[in-house]
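This report concerns only the one structure given below.
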Amino acid sequence: MSAQRKDDHVRLAMEQQHAHSGRNQFDEVSFVHHALAGIDRPDVSLATSFAGISWRAPLYINAMTGGSAKTGAINRDLAIAARESGVAIASGSMHAYFRDPSCADTFRVLRRENPDGFVLANVNATASVDDARRAVDLLRADALQIHLNTAQETAMPEGDRSFGSWGPQIGKIVAAVGVPVIVKEVGNGLSRQTVQALRDLGVQAADLSGRGGTDFARIENGRRELADYAFLHGWGQSTAACLLDAQDVGLPVLASGGVRDPLDVARALALGARAVGSSGGFLRTLLEGGVPALVARITTWLDQLAALQTMLGARTPADLVHCDLLIQGALRSFCADRGID
Ligand code: FNR
């Protein structure tokens with residue numbers, strides 16, 4: 001059941017990639033062009049750091065999969081691409097491994113193919129402290145992601161319907177797991193209030209993972225005979241809106257959800273993200289062109305991000321927050337409604 005679900009997620013996420021209009025709310029964020037702002041390319045660095053974590057580049061392959069033979073092969077290829085391009089990589093949810101340890105290799109391959117890379121394990125907020133530790137141990141993970149996915153669970157036929165214990169359980173895992181904990185959404189976004197609550201629970205960073213790319217309510221509806229939760233399609237806040245909402249909360253934020261190109265990466269960094277992740281788009285590249293295509297895509301993005309920083313006068317990704325931005329359309333109304341300057 002669980003292995004079949006993992007294969008379904010990949011298939012339906014790829015159908016969504018083909019159906020997506022390509023537009024999202026990052027289009028409402030633009031840089032004011034200053035023709036004399038440029039600096040020299042040798043002065044530009046892509047290095048980023050947050051929560052005691054240092055990465056050579058502010059980009060990562062975000063959580064996706066594992067748990068079936070097919071998704072184990074995908075994890076192997078994603079891990080090789082992460083190794084070859086030098087970016088961090090997250091596992092998909094490891095609850096399939098807790099239920100059936102015989103699928104351990106479909107996750108462990110992330111570390112086997114990428115022994116020196118930065119690897120994140122991934123669990124949900126119902127995981128016991130022991131299971132969170134098992135997930136970290138299996139991957140010798142450098143950090144743990146905990147995903148929040150109430151809209152997905154609600155649309156999922158076999159999904160969870162009890163969410164009240166999630167906050168306290170996150171606190172217990174943070175206190176015990178021994179590696180930095182990053183709490184993430186799966187494409188519906190984290191609000192300011194949620195990021196504040198996560199800060200108060202002691203988590204080390206929040207991955208806002210907003211609307212605009214992969215839509216899990218739509219994926220789960222695709223797995224039902226009747227798509228009776230279709231009203232949840234498009235639920236939540238866009239990644240750009242989440243970034244604006246979470247300014248100055250005092251918790252480092254990462255951005256994912258609908259990141260399409262190096263300009264979106266620069267926009268997210270300029271809105272305060274310390275690093276930027278992609279899942280569905282990178283998976284599509286891998287499935288269509290294999291490991292070489294994904295390595296080429298990631299290295300091109302990094303090269304073009306450095307080019308944008310050079311043009312915009314940002315020596316580091318963090319310096320992009322000093323750029324002048326124009327916020328337009330519905331995103332501007334969102335800021336007015338939420339009292340964001
Ligand atoms: C995901 N995502 C995800 N997230 C998570 O925390 N645990 C998981 O197991 C999965 N599984 C998963 C499978 C597939 C096939 C995709 C495409 C995505 C969600 C992912 O990490 C990310 O938050 C969203 O996909 C939004 O980013 P993109 O896809 O718009 O770049």
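Numbering starts fresh at 1 for the residues of each chain in the structure tokens, the chains themselves are lettered A, B, ... in the order given, and ligands are numbered from 1 as they appear.
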Please return, as number ranges by chain, all residues of range 62-194 of chain A that DSSP assigns to alpha helix (DSSP H) on the basis of the backbone.
A: 69-85, 95-99, 104-112, 129-139, 150-155, 166-176, 192-194
Wanna dump the range 14-46 of chain A-range 207-222 of chain A contacts at 10 Å for me, each residue with its shortest atom pair and the distance in Å to one decimal, counting only C-alpha atoms, ordered by chain and number, as CSV?
```
residue,atom,partner,partner_atom,distance
A:Met14,CA,A:Thr214,CA,9.1
A:Glu15,CA,A:Ile219,CA,9.2
A:Gln16,CA,A:Thr214,CA,7.1
A:Gln17,CA,A:Thr214,CA,7.6
A:His20,CA,A:Gly213,CA,8.0
A:Ser21,CA,A:Gly213,CA,9.9
A:Gly22,CA,A:Gly213,CA,8.6
A:Arg23,CA,A:Gly212,CA,7.8
A:Asn24,CA,A:Gly212,CA,5.2
A:Gln25,CA,A:Gly212,CA,6.9
A:Phe26,CA,A:Gly212,CA,8.4
```
Determine, counting only C-alpha atoms, which protein, DNA and RNA residues have an atom within 6 Å of an atom of Ser256 in chain A; residues of the same chain fewer than 5 positions away are not included. Present the result as a PyMOL selection string.
chain A and resi 209+276-278
Name the residues, by chain letter and number, that sit within 8 Å of ligand 1 using only C-alpha atoms and all ligand atoms, and give them as a ChimeraX atom specification.
/A:6,9-14,62-66,91-94,122-124,145-148,184-187,209-216,256-260,277-283
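Interatomic distance, CA of Ser333 in chain A against CA of Ala35 in chain A: 29.0 Å.
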Applying 6 Å and only C-alpha atoms, which residues near range 267-272 of chain A remain after dropping the ones on its own chain fewer than 4 positions away? List them as a PyMOL selection string.
chain A and resi 243+320-321
I need the chosen residues saved as a PDB file, in the first residue's frame, with N, CA and C atoms.
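This is the output file again.pdb:
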```
ATOM      1  N   LEU A 243       7.195  34.153   2.490  1.00  0.00           N
ATOM      2  CA  LEU A 243       8.463  34.836   2.796  1.00  0.00           C
ATOM      3  C   LEU A 243       8.196  36.240   3.323  1.00  0.00           C
ATOM      4  N   LEU A 320      21.473  39.713  -0.934  1.00  0.00           N
ATOM      5  CA  LEU A 320      20.343  40.017  -1.835  1.00  0.00           C
ATOM      6  C   LEU A 320      19.181  40.683  -1.099  1.00  0.00           C
ATOM      7  N   VAL A 321      19.123  40.528   0.227  1.00  0.00           N
ATOM      8  CA  VAL A 321      18.008  41.178   0.961  1.00  0.00           C
ATOM      9  C   VAL A 321      18.106  42.706   0.899  1.00  0.00           C
TER      10      VAL A 321
END
```
